[in-house]
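Notes to accompany the following structure.
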Amino acid sequence: MLWATRWLALAVPAFGMPSIMGRVLMALMLSALSCAAVFGLDFVDDMHRGSEDSKAGAQAIQMMVSSLAILIGFSWEHTFDGGVIAIAESTPYPEKVKFIMGVLIASFMVPMWRRHILTKEVSLENRKQEEESNLERIKRQDKGS
């Protein structure tokens, strides 16, 4: 999907794709479309909840959302990679500059990811498991009554 979008952006001159701004526009477009798709999938998941095969449907929806997340990540990685290359090519030692920039970006991003995104993901996963176990317990109590 990423390469299909890149091909489309190259075919439409309005994007100015070979430039960094074209890459940013492509990443923004993919992010917006993926966001809309995630909201749609969440709506479908909410409507499907409670049916007898809701667990399988929820897993399928989770896989689709995860694939969209990977698509967004790769599109932004493509954008940042272009920016790093553009900056590095303007220096006398582009390989060293690319390496140093990679290390600096990783040293800033990994701690922030661990502090904010990872902790939020773990807490949301725990909350989801709690809700599912409570729902199953309520169903068992209703059947027993």
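Please note that chains go A, B, ... in the order of the structure tokens, that every chain numbers its residues from 1, and that ligands are numbered from 1 in the order shown.
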Taking only C-alpha atoms into account, produce a table as JSON lines in which each residue of range 68-145 of chain A with an atom at most 12 Å from an atom of range 29-40 of chain A appears once, together with its shortest atom pair and the distance in Å to one decimal, ordered by chain and rising number.
{"residue": "A:Leu68", "atom": "CA", "partner": "A:Ser34", "partner_atom": "CA", "distance": 6.0}
{"residue": "A:Ala69", "atom": "CA", "partner": "A:Ser34", "partner_atom": "CA", "distance": 7.8}
{"residue": "A:Ile70", "atom": "CA", "partner": "A:Ser34", "partner_atom": "CA", "distance": 10.3}
{"residue": "A:Leu71", "atom": "CA", "partner": "A:Leu30", "partner_atom": "CA", "distance": 7.8}
{"residue": "A:Ile72", "atom": "CA", "partner": "A:Ser31", "partner_atom": "CA", "distance": 5.7}
{"residue": "A:Gly73", "atom": "CA", "partner": "A:Ser31", "partner_atom": "CA", "distance": 9.0}
{"residue": "A:Phe74", "atom": "CA", "partner": "A:Leu30", "partner_atom": "CA", "distance": 10.2}
{"residue": "A:Ser75", "atom": "CA", "partner": "A:Leu30", "partner_atom": "CA", "distance": 7.5}
{"residue": "A:Trp76", "atom": "CA", "partner": "A:Ser31", "partner_atom": "CA", "distance": 8.9}
{"residue": "A:Thr79", "atom": "CA", "partner": "A:Leu30", "partner_atom": "CA", "distance": 11.9}
Using the selection just defined, write its residues with N, CA, C and O atoms as an mmCIF file, in the first residue's frame.
data_model
loop_
_atom_site.group_PDB
_atom_site.id
_atom_site.type_symbol
_atom_site.label_atom_id
_atom_site.label_comp_id
_atom_site.auth_asym_id
_atom_site.auth_seq_id
_atom_site.Cartn_x
_atom_site.Cartn_y
_atom_site.Cartn_z
ATOM 1 N N LEU A 68 -2.427 -1.047 9.520
ATOM 2 C CA LEU A 68 -2.493 0.387 9.223
ATOM 3 C C LEU A 68 -1.451 1.158 10.030
ATOM 4 O O LEU A 68 -0.848 2.111 9.530
ATOM 5 N N ALA A 69 -1.225 0.741 11.267
ATOM 6 C CA ALA A 69 -0.204 1.393 12.090
ATOM 7 C C ALA A 69 1.180 1.210 11.481
ATOM 8 O O ALA A 69 1.992 2.145 11.459
ATOM 9 N N ILE A 70 1.456 0.016 10.970
ATOM 10 C CA ILE A 70 2.738 -0.233 10.313
ATOM 11 C C ILE A 70 2.865 0.626 9.058
ATOM 12 O O ILE A 70 3.933 1.183 8.771
ATOM 13 N N LEU A 71 1.771 0.750 8.303
ATOM 14 C CA LEU A 71 1.775 1.595 7.103
ATOM 15 C C LEU A 71 2.107 3.040 7.459
ATOM 16 O O LEU A 71 2.947 3.673 6.809
ATOM 17 N N ILE A 72 1.482 3.558 8.494
ATOM 18 C CA ILE A 72 1.762 4.930 8.922
ATOM 19 C C ILE A 72 3.217 5.068 9.359
ATOM 20 O O ILE A 72 3.909 6.022 8.989
ATOM 21 N N GLY A 73 3.685 4.104 10.130
ATOM 22 C CA GLY A 73 5.077 4.153 10.594
ATOM 23 C C GLY A 73 6.071 4.147 9.454
ATOM 24 O O GLY A 73 7.025 4.929 9.440
ATOM 25 N N PHE A 74 5.848 3.275 8.470
ATOM 26 C CA PHE A 74 6.767 3.222 7.324
ATOM 27 C C PHE A 74 6.689 4.491 6.475
ATOM 28 O O PHE A 74 7.703 4.932 5.927
ATOM 29 N N SER A 75 5.499 5.074 6.361
ATOM 30 C CA SER A 75 5.403 6.303 5.561
ATOM 31 C C SER A 75 6.173 7.442 6.228
ATOM 32 O O SER A 75 6.861 8.208 5.547
ATOM 33 N N TRP A 76 6.081 7.546 7.560
ATOM 34 C CA TRP A 76 6.840 8.590 8.245
ATOM 35 C C TRP A 76 8.329 8.270 8.276
ATOM 36 O O TRP A 76 9.168 9.173 8.200
ATOM 37 N N THR A 79 9.684 9.456 5.123
ATOM 38 C CA THR A 79 9.810 10.915 5.143
ATOM 39 C C THR A 79 11.057 11.342 5.913
ATOM 40 O O THR A 79 11.847 12.166 5.435
#
Restrict the calculation to only C-alpha atoms, then for each residue of range 20-79 of chain A with any atom at most 12 Å from an atom of range 120-132 of chain A give the closest atom pair and their distance in Å to one decimal, rows by chain and rising residue number, as CSV.
residue,atom,partner,partner_atom,distance
A:Arg49,CA,A:Glu132,CA,10.6
A:Gly50,CA,A:Glu132,CA,10.4
A:Ser54,CA,A:Glu132,CA,11.1
A:Lys55,CA,A:Glu132,CA,9.7
A:Ala58,CA,A:Lys128,CA,11.6
Residue contacts of Ala88 in chain A (8 Å, only C-alpha atoms) excluding same-chain residues fewer than 4 positions away, as a PyMOL selection string = chain A and resi 84+93-95+97-98
Residue subset to file, keeping N, CA and C atoms, as a compact mmCIF listing (two decimals), in the first residue's frame:
# COMPACT_ATOMS: atom_id res chain seq x y z
N VAL A 84 16.88 13.10 6.48
CA VAL A 84 18.23 12.81 6.95
C VAL A 84 19.19 12.77 5.76
N TYR A 93 30.90 14.88 4.92
CA TYR A 93 30.95 13.48 5.35
C TYR A 93 29.53 12.95 5.55
N PRO A 94 28.82 12.66 4.45
CA PRO A 94 27.41 12.29 4.58
C PRO A 94 27.17 10.99 5.36
N GLU A 95 28.06 9.99 5.23
CA GLU A 95 27.85 8.73 5.94
C GLU A 95 27.94 8.92 7.45
N VAL A 97 27.49 11.74 9.10
CA VAL A 97 26.38 12.58 9.55
C VAL A 97 25.09 11.76 9.66
N LYS A 98 24.85 10.88 8.69
CA LYS A 98 23.66 10.02 8.76
C LYS A 98 23.71 9.12 10.00
inquiry  = So that I can see what lies close to Ala9 in chain A, please list as a list in words the residues with an atom at most 12 Å from it, counting only C-alpha atoms and leaving out residues fewer than 4 positions away in the same chain.
reply    =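 Those residues are Leu2, Trp3, Ala4, Thr5, Pro13, Ala14, Phe15, Gly16, Met17, Pro18, Ser19, Met21, Gly22, Arg23, Val24, Leu25, Met26, Ala27, Met29 and Leu30 of chain A.
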inquiry  = as a PyMOL selection string, please: the residues near range 100-104 of chain A (cut-off 12 Å, only C-alpha atoms, same-chain neighbours under 4 positions excluded).
reply    = chain A and resi 77+80-81+83-88+93-96+108-111
ask   = Taking into account only C-alpha atoms, which residue in the set A:Leu8, A:Asn134, A:Met1, A:Leu41 is nearest to Met63 in chain A?
value =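 Residue with the minimum atom-to-atom distance to Met63 in chain A: A:Leu41.
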note = From CA of Ser66 in chain A to CA of Arg114 in chain A the spacing works out at 18.4 Å
message = as a PyMOL selection string, please: every residue in chain A that DSSP puts in alpha helix (DSSP H).
response = chain A and resi 2-11+20-48+54-89+94-112+119-144
Writing out the chosen residues with C-alpha atoms as a short mmCIF file (atom, residue, chain, number, x, y, z; two decimals), in the first residue's frame:
data_model
loop_
_atom_site.label_atom_id
_atom_site.label_comp_id
_atom_site.auth_asym_id
_atom_site.auth_seq_id
_atom_site.Cartn_x
_atom_site.Cartn_y
_atom_site.Cartn_z
CA LEU A 2 2.88 2.36 0.79
CA TRP A 3 4.48 1.83 -2.60
CA ALA A 4 1.12 2.13 -4.37
CA THR A 5 0.57 5.48 -2.65
CA ARG A 6 4.12 6.54 -3.53
CA TRP A 7 3.49 5.59 -7.15
CA LEU A 8 0.25 7.61 -7.13
CA ALA A 9 2.03 10.58 -5.57
CA LEU A 10 4.74 10.39 -8.24
CA ALA A 11 2.08 10.28 -10.97
CA ILE A 20 10.79 16.23 1.14
CA MET A 21 7.52 18.19 1.13
CA GLY A 22 6.04 15.59 -1.22
CA ARG A 23 7.04 12.86 1.22
CA VAL A 24 5.48 14.80 4.10
CA LEU A 25 2.25 15.25 2.12
CA MET A 26 2.15 11.54 1.33
CA ALA A 27 2.70 10.62 4.99
CA LEU A 28 0.01 13.07 6.09
CA MET A 29 -2.43 11.70 3.51
CA LEU A 30 -1.78 8.11 4.57
CA SER A 31 -2.09 9.06 8.23
CA ALA A 32 -5.43 10.80 7.68
CA LEU A 33 -6.87 7.96 5.59
CA SER A 34 -5.65 5.37 8.07
CA CYS A 35 -7.13 7.35 10.96
CA ALA A 36 -10.52 7.38 9.22
CA ALA A 37 -10.22 3.65 8.56
CA VAL A 38 -9.40 2.96 12.22
CA PHE A 39 -12.46 4.90 13.36
CA GLY A 40 -14.57 2.93 10.90
CA LEU A 41 -13.11 -0.36 12.09
CA ASP A 42 -13.70 0.67 15.71
CA PHE A 43 -17.34 1.39 14.88
CA VAL A 44 -17.67 -2.05 13.27
CA ASP A 45 -16.02 -3.65 16.31
CA ASP A 46 -18.41 -1.87 18.67
CA MET A 47 -21.42 -3.00 16.62
CA HIS A 48 -20.08 -6.57 16.47
CA SER A 54 -17.00 -11.35 18.38
CA LYS A 55 -13.59 -12.54 19.60
CA ALA A 56 -12.58 -13.72 16.10
CA GLY A 57 -13.93 -10.51 14.56
CA ALA A 58 -12.10 -8.41 17.13
CA GLN A 59 -8.86 -10.23 16.35
CA ALA A 60 -9.32 -9.64 12.61
CA ILE A 61 -10.03 -5.95 13.21
CA GLN A 62 -6.98 -5.71 15.50
CA MET A 63 -4.82 -7.18 12.73
CA MET A 64 -6.15 -4.61 10.25
CA VAL A 65 -5.51 -1.75 12.69
CA SER A 66 -1.99 -3.06 13.32
CA SER A 67 -1.30 -3.21 9.59
CA LEU A 68 -2.49 0.39 9.22
CA ALA A 69 -0.20 1.39 12.09
CA ILE A 70 2.74 -0.23 10.31
CA LEU A 71 1.77 1.59 7.10
CA ILE A 72 1.76 4.93 8.92
CA GLY A 73 5.08 4.15 10.59
CA PHE A 74 6.77 3.22 7.32
CA SER A 75 5.40 6.30 5.56
CA TRP A 76 6.84 8.59 8.25
CA GLU A 77 10.08 6.61 8.30
CA HIS A 78 10.32 7.18 4.54
CA THR A 79 9.81 10.91 5.14
CA PHE A 80 12.41 11.18 7.91
CA ASP A 81 14.86 9.09 5.92
CA GLY A 82 14.58 11.57 3.05
CA GLY A 83 15.18 14.44 5.43
CA VAL A 84 18.23 12.81 6.95
CA ILE A 85 19.63 12.08 3.49
CA ALA A 86 19.01 15.68 2.36
CA ILE A 87 20.80 17.08 5.40
CA ALA A 88 23.67 14.58 5.22
CA GLU A 89 24.28 15.17 1.51
CA PRO A 94 27.41 12.29 4.58
CA GLU A 95 27.85 8.73 5.94
CA LYS A 96 29.10 9.94 9.32
CA VAL A 97 26.38 12.58 9.55
CA LYS A 98 23.66 10.02 8.76
CA PHE A 99 25.01 7.71 11.46
CA ILE A 100 25.25 10.49 14.06
CA MET A 101 21.76 11.73 13.24
CA GLY A 102 20.38 8.19 13.53
CA VAL A 103 21.97 7.76 16.95
CA LEU A 104 20.71 11.16 18.13
CA ILE A 105 17.17 10.54 16.93
CA ALA A 106 17.10 7.08 18.53
CA SER A 107 18.49 8.44 21.81
CA PHE A 108 15.64 10.95 21.96
CA MET A 109 12.81 8.80 20.62
CA VAL A 110 13.29 5.48 22.43
CA PRO A 111 12.99 6.89 25.98
CA MET A 112 9.91 8.92 24.99
CA THR A 119 3.07 2.39 29.19
CA LYS A 120 -0.21 3.50 27.61
CA GLU A 121 -0.34 0.36 25.45
CA VAL A 122 0.27 -1.91 28.43
CA SER A 123 -2.39 -0.19 30.54
CA LEU A 124 -4.93 -0.33 27.68
CA GLU A 125 -4.22 -4.03 27.12
CA ASN A 126 -4.72 -4.74 30.84
CA ARG A 127 -7.97 -2.76 30.81
CA LYS A 128 -9.21 -4.66 27.75
CA GLN A 129 -8.47 -8.03 29.36
CA GLU A 130 -10.23 -6.90 32.55
CA GLU A 131 -13.33 -5.84 30.61
CA GLU A 132 -13.41 -9.12 28.68
CA SER A 133 -13.12 -11.19 31.85
CA ASN A 134 -15.86 -9.12 33.53
CA LEU A 135 -18.11 -9.60 30.51
CA GLU A 136 -17.52 -13.36 30.53
CA ARG A 137 -18.21 -13.49 34.29
CA ILE A 138 -21.48 -11.61 33.82
CA LYS A 139 -22.52 -13.96 31.02
CA ARG A 140 -21.80 -17.00 33.19
CA GLN A 141 -23.82 -15.49 36.06
CA ASP A 142 -26.72 -14.78 33.72
CA LYS A 143 -26.70 -18.37 32.44
CA GLY A 144 -26.55 -19.72 35.97
#
